[in-house]
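Pasted below: query14.txt, compact mmCIF, N, CA and C atoms.
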```
# COMPACT_ATOMS: atom_id res chain seq x y z
N MET A 1 -57.32 -33.13 84.40
CA MET A 1 -57.96 -33.76 83.28
C MET A 1 -56.91 -34.09 82.22
N ALA A 2 -56.89 -35.31 81.78
CA ALA A 2 -55.91 -35.76 80.79
C ALA A 2 -56.30 -35.27 79.41
N ARG A 3 -55.29 -34.87 78.65
CA ARG A 3 -55.53 -34.43 77.27
C ARG A 3 -55.61 -35.64 76.35
N GLN A 4 -56.46 -35.56 75.41
CA GLN A 4 -56.56 -36.61 74.41
C GLN A 4 -55.70 -36.23 73.20
N MET A 5 -55.13 -37.26 72.61
CA MET A 5 -54.31 -37.03 71.42
C MET A 5 -55.22 -36.80 70.22
N SER A 6 -54.74 -35.95 69.36
CA SER A 6 -55.48 -35.71 68.13
C SER A 6 -55.29 -36.91 67.20
N PRO A 7 -56.19 -37.09 66.26
CA PRO A 7 -56.02 -38.19 65.29
C PRO A 7 -54.70 -38.06 64.51
N GLN A 8 -54.27 -36.83 64.21
CA GLN A 8 -53.01 -36.63 63.50
C GLN A 8 -51.82 -37.08 64.34
N HIS A 9 -51.87 -36.79 65.63
CA HIS A 9 -50.79 -37.20 66.53
C HIS A 9 -50.75 -38.73 66.65
N ARG A 10 -51.90 -39.35 66.78
CA ARG A 10 -51.95 -40.81 66.83
C ARG A 10 -51.40 -41.43 65.55
N GLN A 11 -51.76 -40.83 64.40
CA GLN A 11 -51.27 -41.33 63.12
C GLN A 11 -49.75 -41.17 63.02
N ALA A 12 -49.23 -40.04 63.50
CA ALA A 12 -47.78 -39.81 63.47
C ALA A 12 -47.05 -40.83 64.34
N ILE A 13 -47.60 -41.14 65.48
CA ILE A 13 -47.00 -42.14 66.37
C ILE A 13 -47.02 -43.52 65.71
N GLU A 14 -48.14 -43.88 65.10
CA GLU A 14 -48.25 -45.17 64.43
C GLU A 14 -47.29 -45.26 63.24
N THR A 15 -47.18 -44.18 62.47
CA THR A 15 -46.25 -44.16 61.34
C THR A 15 -44.81 -44.35 61.82
N ALA A 16 -44.44 -43.64 62.87
CA ALA A 16 -43.09 -43.77 63.43
C ALA A 16 -42.84 -45.19 63.93
N ARG A 17 -43.83 -45.79 64.54
CA ARG A 17 -43.68 -47.17 65.03
C ARG A 17 -43.45 -48.14 63.88
N VAL A 18 -44.20 -47.99 62.81
CA VAL A 18 -44.05 -48.87 61.63
C VAL A 18 -42.68 -48.66 60.99
N GLU A 19 -42.26 -47.40 60.84
CA GLU A 19 -40.94 -47.11 60.26
C GLU A 19 -39.83 -47.70 61.13
N ASN A 20 -39.91 -47.47 62.43
CA ASN A 20 -38.89 -47.99 63.35
C ASN A 20 -38.79 -49.51 63.27
N LYS A 21 -39.93 -50.17 63.20
CA LYS A 21 -39.93 -51.63 63.15
C LYS A 21 -39.30 -52.12 61.85
N ALA A 22 -39.68 -51.53 60.72
CA ALA A 22 -39.15 -51.96 59.42
C ALA A 22 -37.65 -51.74 59.34
N VAL A 23 -37.20 -50.57 59.73
CA VAL A 23 -35.77 -50.25 59.68
C VAL A 23 -35.01 -51.10 60.69
N GLY A 24 -35.53 -51.24 61.87
CA GLY A 24 -34.87 -52.03 62.91
C GLY A 24 -34.72 -53.49 62.55
N ASN A 25 -35.77 -54.09 61.99
CA ASN A 25 -35.70 -55.50 61.58
C ASN A 25 -34.65 -55.72 60.51
N TYR A 26 -34.58 -54.82 59.53
CA TYR A 26 -33.59 -54.96 58.46
C TYR A 26 -32.17 -54.81 59.00
N LEU A 27 -31.96 -53.82 59.85
CA LEU A 27 -30.62 -53.61 60.42
C LEU A 27 -30.21 -54.78 61.31
N LYS A 28 -31.15 -55.37 62.00
CA LYS A 28 -30.84 -56.53 62.86
C LYS A 28 -30.34 -57.69 62.00
N VAL A 29 -31.02 -57.97 60.90
CA VAL A 29 -30.61 -59.06 60.02
C VAL A 29 -29.26 -58.74 59.38
N LEU A 30 -29.05 -57.48 58.98
CA LEU A 30 -27.75 -57.10 58.42
C LEU A 30 -26.63 -57.32 59.43
N ASN A 31 -26.91 -56.98 60.67
CA ASN A 31 -25.92 -57.13 61.72
C ASN A 31 -25.59 -58.61 61.97
N GLU A 32 -26.60 -59.45 61.92
CA GLU A 32 -26.40 -60.88 62.15
C GLU A 32 -25.78 -61.59 60.94
N ASN A 33 -26.02 -61.07 59.75
CA ASN A 33 -25.54 -61.67 58.49
C ASN A 33 -24.93 -60.59 57.63
N PRO A 34 -23.73 -60.13 57.97
CA PRO A 34 -23.16 -59.01 57.23
C PRO A 34 -22.99 -59.32 55.75
N VAL A 35 -23.21 -58.31 54.94
CA VAL A 35 -23.02 -58.43 53.50
C VAL A 35 -21.52 -58.41 53.24
N ARG A 36 -21.05 -59.41 52.53
CA ARG A 36 -19.63 -59.48 52.22
C ARG A 36 -19.41 -59.06 50.79
N ARG A 37 -18.31 -58.38 50.58
CA ARG A 37 -17.95 -57.96 49.23
C ARG A 37 -17.41 -59.15 48.46
N GLY A 38 -17.45 -59.03 47.15
CA GLY A 38 -16.88 -60.07 46.30
C GLY A 38 -17.88 -61.16 45.98
N PRO A 39 -17.38 -62.18 45.28
CA PRO A 39 -18.28 -63.26 44.87
C PRO A 39 -18.82 -64.04 46.06
N ARG A 40 -20.04 -64.50 45.95
CA ARG A 40 -20.66 -65.29 47.01
C ARG A 40 -19.97 -66.63 47.14
N ARG A 41 -19.83 -67.09 48.36
CA ARG A 41 -19.18 -68.38 48.62
C ARG A 41 -20.23 -69.47 48.61
N THR A 42 -20.45 -70.01 47.44
CA THR A 42 -21.38 -71.12 47.30
C THR A 42 -20.62 -72.42 47.57
N PRO A 43 -21.32 -73.49 47.89
CA PRO A 43 -20.64 -74.77 48.10
C PRO A 43 -19.81 -75.19 46.88
N GLU A 44 -20.30 -74.89 45.69
CA GLU A 44 -19.55 -75.24 44.48
C GLU A 44 -18.23 -74.49 44.40
N ARG A 45 -18.26 -73.20 44.73
CA ARG A 45 -17.03 -72.40 44.71
C ARG A 45 -16.06 -72.85 45.80
N ILE A 46 -16.60 -73.22 46.94
CA ILE A 46 -15.74 -73.71 48.02
C ILE A 46 -15.05 -74.99 47.59
N ARG A 47 -15.82 -75.90 47.00
CA ARG A 47 -15.23 -77.16 46.53
C ARG A 47 -14.18 -76.92 45.45
N ALA A 48 -14.45 -75.98 44.56
CA ALA A 48 -13.49 -75.65 43.50
C ALA A 48 -12.19 -75.11 44.11
N ARG A 49 -12.32 -74.26 45.12
CA ARG A 49 -11.11 -73.71 45.76
C ARG A 49 -10.34 -74.81 46.48
N ILE A 50 -11.03 -75.72 47.11
CA ILE A 50 -10.36 -76.86 47.77
C ILE A 50 -9.59 -77.67 46.73
N GLY A 51 -10.18 -77.86 45.56
CA GLY A 51 -9.50 -78.57 44.48
C GLY A 51 -8.24 -77.84 44.03
N GLU A 52 -8.32 -76.51 43.92
CA GLU A 52 -7.15 -75.70 43.55
C GLU A 52 -6.06 -75.85 44.60
N ILE A 53 -6.44 -75.82 45.84
CA ILE A 53 -5.47 -75.96 46.92
C ILE A 53 -4.81 -77.33 46.86
N ASN A 54 -5.62 -78.38 46.69
CA ASN A 54 -5.07 -79.74 46.63
C ASN A 54 -4.08 -79.89 45.47
N ALA A 55 -4.35 -79.21 44.36
CA ALA A 55 -3.48 -79.31 43.19
C ALA A 55 -2.14 -78.60 43.40
N SER A 56 -2.15 -77.56 44.23
CA SER A 56 -0.92 -76.77 44.37
C SER A 56 -0.18 -76.95 45.70
N VAL A 57 -0.77 -77.63 46.65
CA VAL A 57 -0.18 -77.70 47.99
C VAL A 57 1.17 -78.42 48.00
N ASN A 58 1.32 -79.47 47.22
CA ASN A 58 2.57 -80.24 47.27
C ASN A 58 3.75 -79.50 46.65
N SER A 59 3.49 -78.62 45.69
CA SER A 59 4.58 -77.90 45.04
C SER A 59 4.87 -76.55 45.71
N ALA A 60 4.11 -76.20 46.73
CA ALA A 60 4.29 -74.91 47.39
C ALA A 60 5.44 -74.97 48.39
N SER A 61 6.00 -73.80 48.68
CA SER A 61 7.04 -73.72 49.70
C SER A 61 6.43 -74.09 51.05
N PRO A 62 7.25 -74.47 52.02
CA PRO A 62 6.70 -74.87 53.32
C PRO A 62 5.81 -73.80 53.96
N ILE A 63 6.20 -72.54 53.85
CA ILE A 63 5.39 -71.46 54.44
C ILE A 63 4.05 -71.35 53.71
N LYS A 64 4.10 -71.36 52.40
CA LYS A 64 2.87 -71.28 51.61
C LYS A 64 2.02 -72.53 51.84
N ARG A 65 2.65 -73.69 51.95
CA ARG A 65 1.94 -74.95 52.15
C ARG A 65 1.11 -74.92 53.43
N VAL A 66 1.71 -74.44 54.52
CA VAL A 66 0.96 -74.41 55.77
C VAL A 66 -0.24 -73.46 55.66
N SER A 67 -0.08 -72.36 54.95
CA SER A 67 -1.20 -71.43 54.75
C SER A 67 -2.31 -72.08 53.92
N LEU A 68 -1.90 -72.79 52.87
CA LEU A 68 -2.88 -73.47 52.03
C LEU A 68 -3.62 -74.56 52.80
N ILE A 69 -2.88 -75.30 53.61
CA ILE A 69 -3.51 -76.35 54.42
C ILE A 69 -4.53 -75.75 55.37
N GLN A 70 -4.18 -74.62 56.00
CA GLN A 70 -5.13 -73.99 56.92
C GLN A 70 -6.35 -73.47 56.16
N GLU A 71 -6.12 -72.88 55.00
CA GLU A 71 -7.25 -72.40 54.19
C GLU A 71 -8.17 -73.55 53.82
N ARG A 72 -7.58 -74.68 53.41
CA ARG A 72 -8.38 -75.86 53.05
C ARG A 72 -9.19 -76.33 54.25
N ARG A 73 -8.56 -76.39 55.43
CA ARG A 73 -9.29 -76.81 56.64
C ARG A 73 -10.45 -75.87 56.94
N ASN A 74 -10.21 -74.56 56.80
CA ASN A 74 -11.28 -73.58 57.03
C ASN A 74 -12.43 -73.77 56.05
N LEU A 75 -12.09 -74.00 54.79
CA LEU A 75 -13.13 -74.21 53.78
C LEU A 75 -13.91 -75.49 54.04
N GLU A 76 -13.21 -76.56 54.42
CA GLU A 76 -13.90 -77.81 54.74
C GLU A 76 -14.83 -77.63 55.93
N GLN A 77 -14.38 -76.88 56.91
CA GLN A 77 -15.21 -76.59 58.10
C GLN A 77 -16.47 -75.83 57.68
N SER A 78 -16.30 -74.88 56.79
CA SER A 78 -17.44 -74.09 56.35
C SER A 78 -18.43 -74.95 55.56
N LEU A 79 -17.92 -75.91 54.79
CA LEU A 79 -18.82 -76.83 54.09
C LEU A 79 -19.60 -77.70 55.06
N LYS A 80 -18.92 -78.19 56.10
CA LYS A 80 -19.59 -79.03 57.09
C LYS A 80 -20.67 -78.27 57.83
N ALA A 81 -20.39 -77.02 58.13
CA ALA A 81 -21.36 -76.19 58.87
C ALA A 81 -22.56 -75.85 58.00
N GLY A 82 -22.36 -75.90 56.69
CA GLY A 82 -23.45 -75.55 55.78
C GLY A 82 -23.51 -74.06 55.59
N GLN A 83 -24.03 -73.68 54.50
CA GLN A 83 -24.16 -72.27 54.18
C GLN A 83 -25.50 -71.78 54.71
N LYS A 84 -25.44 -70.89 55.67
CA LYS A 84 -26.65 -70.33 56.24
C LYS A 84 -27.12 -69.18 55.35
N THR A 85 -28.26 -69.35 54.74
CA THR A 85 -28.80 -68.29 53.91
C THR A 85 -30.08 -67.77 54.55
N VAL A 86 -30.22 -66.49 54.52
CA VAL A 86 -31.38 -65.85 55.11
C VAL A 86 -32.07 -65.04 54.03
N ASP A 87 -33.36 -65.27 53.87
CA ASP A 87 -34.12 -64.51 52.88
C ASP A 87 -34.51 -63.18 53.50
N THR A 88 -33.85 -62.14 53.05
CA THR A 88 -34.11 -60.81 53.58
C THR A 88 -34.95 -59.95 52.65
N SER A 89 -35.48 -60.54 51.59
CA SER A 89 -36.18 -59.75 50.57
C SER A 89 -37.37 -58.98 51.15
N HIS A 90 -38.15 -59.60 52.01
CA HIS A 90 -39.30 -58.88 52.57
C HIS A 90 -38.84 -57.78 53.52
N LEU A 91 -37.77 -58.03 54.28
CA LEU A 91 -37.26 -57.00 55.19
C LEU A 91 -36.65 -55.85 54.39
N GLU A 92 -35.94 -56.21 53.31
CA GLU A 92 -35.35 -55.19 52.45
C GLU A 92 -36.43 -54.33 51.80
N ARG A 93 -37.49 -54.98 51.35
CA ARG A 93 -38.60 -54.26 50.72
C ARG A 93 -39.21 -53.25 51.70
N ASP A 94 -39.42 -53.68 52.95
CA ASP A 94 -39.97 -52.77 53.95
C ASP A 94 -38.99 -51.65 54.28
N PHE A 95 -37.70 -51.98 54.35
CA PHE A 95 -36.68 -50.96 54.61
C PHE A 95 -36.74 -49.90 53.51
N VAL A 96 -36.76 -50.35 52.26
CA VAL A 96 -36.79 -49.42 51.12
C VAL A 96 -38.03 -48.52 51.21
N LYS A 97 -39.13 -49.09 51.63
CA LYS A 97 -40.38 -48.34 51.71
C LYS A 97 -40.32 -47.23 52.77
N TYR A 98 -39.67 -47.49 53.90
CA TYR A 98 -39.73 -46.56 55.04
C TYR A 98 -38.43 -45.83 55.35
N ALA A 99 -37.31 -46.24 54.78
CA ALA A 99 -36.02 -45.69 55.20
C ALA A 99 -35.87 -44.20 54.93
N SER A 100 -36.38 -43.72 53.82
CA SER A 100 -36.23 -42.31 53.49
C SER A 100 -36.93 -41.42 54.52
N ALA A 101 -38.17 -41.76 54.83
CA ALA A 101 -38.91 -40.98 55.83
C ALA A 101 -38.25 -41.10 57.20
N PHE A 102 -37.80 -42.30 57.54
CA PHE A 102 -37.11 -42.52 58.81
C PHE A 102 -35.85 -41.67 58.88
N SER A 103 -35.08 -41.66 57.79
CA SER A 103 -33.85 -40.87 57.73
C SER A 103 -34.13 -39.39 57.93
N SER A 104 -35.14 -38.90 57.26
CA SER A 104 -35.50 -37.49 57.40
C SER A 104 -35.93 -37.16 58.82
N ARG A 105 -36.75 -38.02 59.37
CA ARG A 105 -37.26 -37.78 60.73
C ARG A 105 -36.15 -37.82 61.77
N LYS A 106 -35.19 -38.74 61.58
CA LYS A 106 -34.13 -38.93 62.58
C LYS A 106 -32.83 -38.18 62.23
N GLY A 107 -32.76 -37.61 61.02
CA GLY A 107 -31.55 -36.90 60.62
C GLY A 107 -30.38 -37.83 60.34
N ILE A 108 -30.66 -38.99 59.75
CA ILE A 108 -29.62 -39.99 59.45
C ILE A 108 -29.24 -39.87 57.99
N GLY A 109 -27.94 -39.75 57.74
CA GLY A 109 -27.45 -39.57 56.38
C GLY A 109 -26.94 -40.84 55.75
N TYR A 110 -26.62 -40.73 54.48
CA TYR A 110 -26.14 -41.84 53.66
C TYR A 110 -24.94 -42.54 54.29
N GLY A 111 -23.97 -41.78 54.75
CA GLY A 111 -22.75 -42.36 55.33
C GLY A 111 -23.02 -43.25 56.52
N ALA A 112 -23.95 -42.86 57.36
CA ALA A 112 -24.28 -43.67 58.54
C ALA A 112 -24.90 -45.00 58.12
N TRP A 113 -25.77 -44.96 57.11
CA TRP A 113 -26.37 -46.20 56.62
C TRP A 113 -25.31 -47.12 56.05
N ARG A 114 -24.38 -46.55 55.25
CA ARG A 114 -23.32 -47.37 54.66
C ARG A 114 -22.44 -47.98 55.74
N GLU A 115 -22.14 -47.19 56.76
CA GLU A 115 -21.31 -47.71 57.85
C GLU A 115 -22.02 -48.85 58.60
N MET A 116 -23.33 -48.82 58.61
CA MET A 116 -24.10 -49.90 59.24
C MET A 116 -24.16 -51.15 58.36
N GLY A 117 -23.69 -51.02 57.11
CA GLY A 117 -23.67 -52.18 56.23
C GLY A 117 -24.80 -52.25 55.23
N VAL A 118 -25.59 -51.20 55.14
CA VAL A 118 -26.67 -51.20 54.16
C VAL A 118 -26.05 -51.00 52.78
N PRO A 119 -26.30 -51.91 51.84
CA PRO A 119 -25.71 -51.78 50.51
C PRO A 119 -26.17 -50.50 49.81
N ALA A 120 -25.27 -49.95 49.01
CA ALA A 120 -25.58 -48.72 48.26
C ALA A 120 -26.80 -48.92 47.37
N SER A 121 -26.93 -50.10 46.79
CA SER A 121 -28.07 -50.36 45.89
C SER A 121 -29.40 -50.28 46.65
N VAL A 122 -29.41 -50.72 47.88
CA VAL A 122 -30.64 -50.66 48.69
C VAL A 122 -30.96 -49.21 49.04
N LEU A 123 -29.93 -48.45 49.38
CA LEU A 123 -30.15 -47.03 49.70
C LEU A 123 -30.66 -46.28 48.47
N LYS A 124 -30.15 -46.62 47.31
CA LYS A 124 -30.60 -45.98 46.08
C LYS A 124 -32.08 -46.27 45.86
N GLN A 125 -32.48 -47.54 46.06
CA GLN A 125 -33.89 -47.90 45.91
C GLN A 125 -34.76 -47.13 46.89
N ALA A 126 -34.21 -46.87 48.09
CA ALA A 126 -34.95 -46.16 49.12
C ALA A 126 -34.99 -44.65 48.87
N GLY A 127 -34.21 -44.18 47.91
CA GLY A 127 -34.19 -42.74 47.62
C GLY A 127 -33.22 -41.99 48.51
N ILE A 128 -32.28 -42.69 49.12
CA ILE A 128 -31.27 -42.06 49.97
C ILE A 128 -29.98 -42.08 49.17
N ASN A 129 -29.48 -40.87 48.83
CA ASN A 129 -28.26 -40.82 48.05
C ASN A 129 -27.14 -40.13 48.81
N ARG A 130 -25.99 -40.06 48.20
CA ARG A 130 -24.82 -39.48 48.87
C ARG A 130 -25.06 -38.04 49.28
N GLY A 131 -25.90 -37.36 48.60
CA GLY A 131 -26.22 -35.98 48.96
C GLY A 131 -26.92 -35.88 50.30
N ALA A 132 -27.41 -37.02 50.78
CA ALA A 132 -28.11 -37.05 52.08
C ALA A 132 -27.13 -37.22 53.23
N ALA A 133 -25.83 -37.11 52.94
CA ALA A 133 -24.81 -37.32 53.98
C ALA A 133 -24.90 -36.22 55.03
N LYS A 134 -24.72 -36.61 56.25
CA LYS A 134 -24.73 -35.67 57.38
C LYS A 134 -23.43 -35.78 58.10
```
Translate the structure described by the file into structure tokens.
Amino acid sequence: MARQMSPQHRQAIETARVENKAVGNYLKVLNENPVRRGPRRTPERIRARIGEINASVNSASPIKRVSLIQERRNLEQSLKAGQKTVDTSHLERDFVKYASAFSSRKGIGYGAWREMGVPASVLKQAGINRGAAK
């Protein structure tokens, strides 16, 4: 005779499924679109940097000139490709909602989240601090 699950067990399984999905979706997007440090590369900033390069390339030494030319080509390529922006706000909101419970259940500390690329500000919102390091 098969045992039936208690309502509490079913609820625990459903809660774990929801937490896993929220955390997994956020980490997947982070992995596909890593957060980069420093100022955001907007098309305006890229164009401004290209202008700076054009202004200084002719007076640069040959070694510096070739580096500047390559940088300019890379920036132009990035402009042509377009800036891919992904709205992660809803995924981040769900991560913040479930990450603390997920961390406790799985024994995942602050350092592991940071190594995965989760910004410190997001972990703070989720209630996961450096003291949670394992």
Write out, as a tab-separated table, each residue of range 12-53 of chain A that has an atom at most 6.5 Å from range 87-102 of chain A, together with the closest pair of atoms and their distance in Å to one decimal, counting only N, CA and C atoms, rows going by chain and rising number.
```
residue	atom	partner	partner_atom	distance
A:Glu19	CA	A:Tyr98	CA	5.4
A:Ala22	C	A:Phe95	CA	4.9
A:Val23	N	A:Phe95	CA	5.2
A:Asn25	C	A:Leu91	CA	6.1
A:Tyr26	CA	A:Leu91	C	5.2
```
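Across the model, the gap from CA of Lys80 in chain A to CA of Val66 in chain A is 21.1 Å.
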Practice item. Mind giving me the straight-line distance from atom N of Ile108 in chain A to atom C of Ser6 in chain A in Å, one decimal? Key: 25.8 Å
Practice item. Using CA of Ala12 in chain A and CA of Ala126 in chain A as the two end points, give the distance in Å to one decimal. Key: 20.3 Å
Practice item. Apply DSSP to the structure's backbone, then extract all residues of chain A labelled alpha helix (DSSP H) and return them as a count of residues only. Key: 91
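Counting only C-alpha atoms, the residue from A:Ala112, A:Glu76, A:Val122, A:Glu32 that sits nearest to Ile50 in chain A is A:Glu76.
Distances to Leu79 in chain A were evaluated for A:Ser121, A:Arg105, A:Ile46, A:Ile53 using only N, CA and C atoms, and the minimum falls at A:Ile46.
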Would you pull range 83-113 of chain A out of the block just shown and save N, CA and C atoms as a JSON list (two decimals), in the first residue's frame?
```
[["chain", "number", "residue", "atom", "x", "y", "z"],
["A", 83, "GLN", "N", 23.23, 47.07, -28.59],
["A", 83, "GLN", "CA", 23.35, 46.78, -27.18],
["A", 83, "GLN", "C", 22.18, 45.90, -26.77],
["A", 84, "LYS", "N", 22.48, 44.69, -26.39],
["A", 84, "LYS", "CA", 21.45, 43.76, -25.94],
["A", 84, "LYS", "C", 21.14, 44.04, -24.48],
["A", 85, "THR", "N", 19.95, 44.49, -24.21],
["A", 85, "THR", "CA", 19.57, 44.74, -22.83],
["A", 85, "THR", "C", 18.47, 43.76, -22.45],
["A", 86, "VAL", "N", 18.58, 43.25, -21.27],
["A", 86, "VAL", "CA", 17.61, 42.28, -20.77],
["A", 86, "VAL", "C", 17.01, 42.84, -19.49],
["A", 87, "ASP", "N", 15.69, 42.88, -19.44],
["A", 87, "ASP", "CA", 15.02, 43.36, -18.24],
["A", 87, "ASP", "C", 14.95, 42.20, -17.25],
["A", 88, "THR", "N", 15.75, 42.30, -16.22],
["A", 88, "THR", "CA", 15.80, 41.24, -15.22],
["A", 88, "THR", "C", 15.07, 41.62, -13.94],
["A", 89, "SER", "N", 14.36, 42.74, -13.94],
["A", 89, "SER", "CA", 13.75, 43.23, -12.71],
["A", 89, "SER", "C", 12.79, 42.22, -12.08],
["A", 90, "HIS", "N", 11.97, 41.58, -12.89],
["A", 90, "HIS", "CA", 11.02, 40.61, -12.32],
["A", 90, "HIS", "C", 11.75, 39.38, -11.79],
["A", 91, "LEU", "N", 12.81, 38.95, -12.49],
["A", 91, "LEU", "CA", 13.59, 37.80, -12.03],
["A", 91, "LEU", "C", 14.34, 38.16, -10.75],
["A", 92, "GLU", "N", 14.89, 39.37, -10.72],
["A", 92, "GLU", "CA", 15.60, 39.83, -9.53],
["A", 92, "GLU", "C", 14.65, 39.92, -8.33],
["A", 93, "ARG", "N", 13.46, 40.43, -8.57],
["A", 93, "ARG", "CA", 12.46, 40.54, -7.50],
["A", 93, "ARG", "C", 12.13, 39.16, -6.92],
["A", 94, "ASP", "N", 11.94, 38.17, -7.79],
["A", 94, "ASP", "CA", 11.66, 36.82, -7.32],
["A", 94, "ASP", "C", 12.86, 36.22, -6.60],
["A", 95, "PHE", "N", 14.06, 36.48, -7.12],
["A", 95, "PHE", "CA", 15.28, 35.99, -6.45],
["A", 95, "PHE", "C", 15.34, 36.56, -5.04],
["A", 96, "VAL", "N", 15.14, 37.87, -4.91],
["A", 96, "VAL", "CA", 15.20, 38.52, -3.60],
["A", 96, "VAL", "C", 14.17, 37.89, -2.65],
["A", 97, "LYS", "N", 13.02, 37.57, -3.17],
["A", 97, "LYS", "CA", 11.95, 37.02, -2.36],
["A", 97, "LYS", "C", 12.30, 35.62, -1.81],
["A", 98, "TYR", "N", 12.98, 34.80, -2.61],
["A", 98, "TYR", "CA", 13.18, 33.39, -2.25],
["A", 98, "TYR", "C", 14.62, 33.01, -1.92],
["A", 99, "ALA", "N", 15.59, 33.86, -2.20],
["A", 99, "ALA", "CA", 17.00, 33.45, -2.08],
["A", 99, "ALA", "C", 17.41, 33.12, -0.65],
["A", 100, "SER", "N", 16.92, 33.86, 0.32],
["A", 100, "SER", "CA", 17.32, 33.61, 1.70],
["A", 100, "SER", "C", 16.88, 32.23, 2.16],
["A", 101, "ALA", "N", 15.63, 31.89, 1.91],
["A", 101, "ALA", "CA", 15.13, 30.57, 2.30],
["A", 101, "ALA", "C", 15.86, 29.47, 1.52],
["A", 102, "PHE", "N", 16.09, 29.72, 0.24],
["A", 102, "PHE", "CA", 16.82, 28.76, -0.60],
["A", 102, "PHE", "C", 18.22, 28.55, -0.04],
["A", 103, "SER", "N", 18.90, 29.64, 0.32],
["A", 103, "SER", "CA", 20.25, 29.56, 0.86],
["A", 103, "SER", "C", 20.28, 28.75, 2.15],
["A", 104, "SER", "N", 19.33, 29.01, 3.01],
["A", 104, "SER", "CA", 19.27, 28.27, 4.27],
["A", 104, "SER", "C", 19.02, 26.78, 4.03],
["A", 105, "ARG", "N", 18.09, 26.50, 3.15],
["A", 105, "ARG", "CA", 17.74, 25.10, 2.87],
["A", 105, "ARG", "C", 18.89, 24.35, 2.24],
["A", 106, "LYS", "N", 19.64, 25.03, 1.35],
["A", 106, "LYS", "CA", 20.72, 24.36, 0.61],
["A", 106, "LYS", "C", 22.11, 24.57, 1.23],
["A", 107, "GLY", "N", 22.20, 25.45, 2.25],
["A", 107, "GLY", "CA", 23.49, 25.71, 2.88],
["A", 107, "GLY", "C", 24.43, 26.51, 1.99],
["A", 108, "ILE", "N", 23.89, 27.47, 1.23],
["A", 108, "ILE", "CA", 24.68, 28.29, 0.32],
["A", 108, "ILE", "C", 24.97, 29.62, 0.98],
["A", 109, "GLY", "N", 26.25, 30.00, 1.01],
["A", 109, "GLY", "CA", 26.66, 31.22, 1.67],
["A", 109, "GLY", "C", 26.86, 32.39, 0.72],
["A", 110, "TYR", "N", 27.09, 33.53, 1.30],
["A", 110, "TYR", "CA", 27.29, 34.80, 0.58],
["A", 110, "TYR", "C", 28.37, 34.68, -0.48],
["A", 111, "GLY", "N", 29.50, 34.11, -0.13],
["A", 111, "GLY", "CA", 30.62, 34.00, -1.07],
["A", 111, "GLY", "C", 30.28, 33.23, -2.33],
["A", 112, "ALA", "N", 29.51, 32.18, -2.20],
["A", 112, "ALA", "CA", 29.12, 31.39, -3.37],
["A", 112, "ALA", "C", 28.23, 32.21, -4.30],
["A", 113, "TRP", "N", 27.31, 32.97, -3.71],
["A", 113, "TRP", "CA", 26.44, 33.82, -4.53],
["A", 113, "TRP", "C", 27.26, 34.87, -5.27]]
```
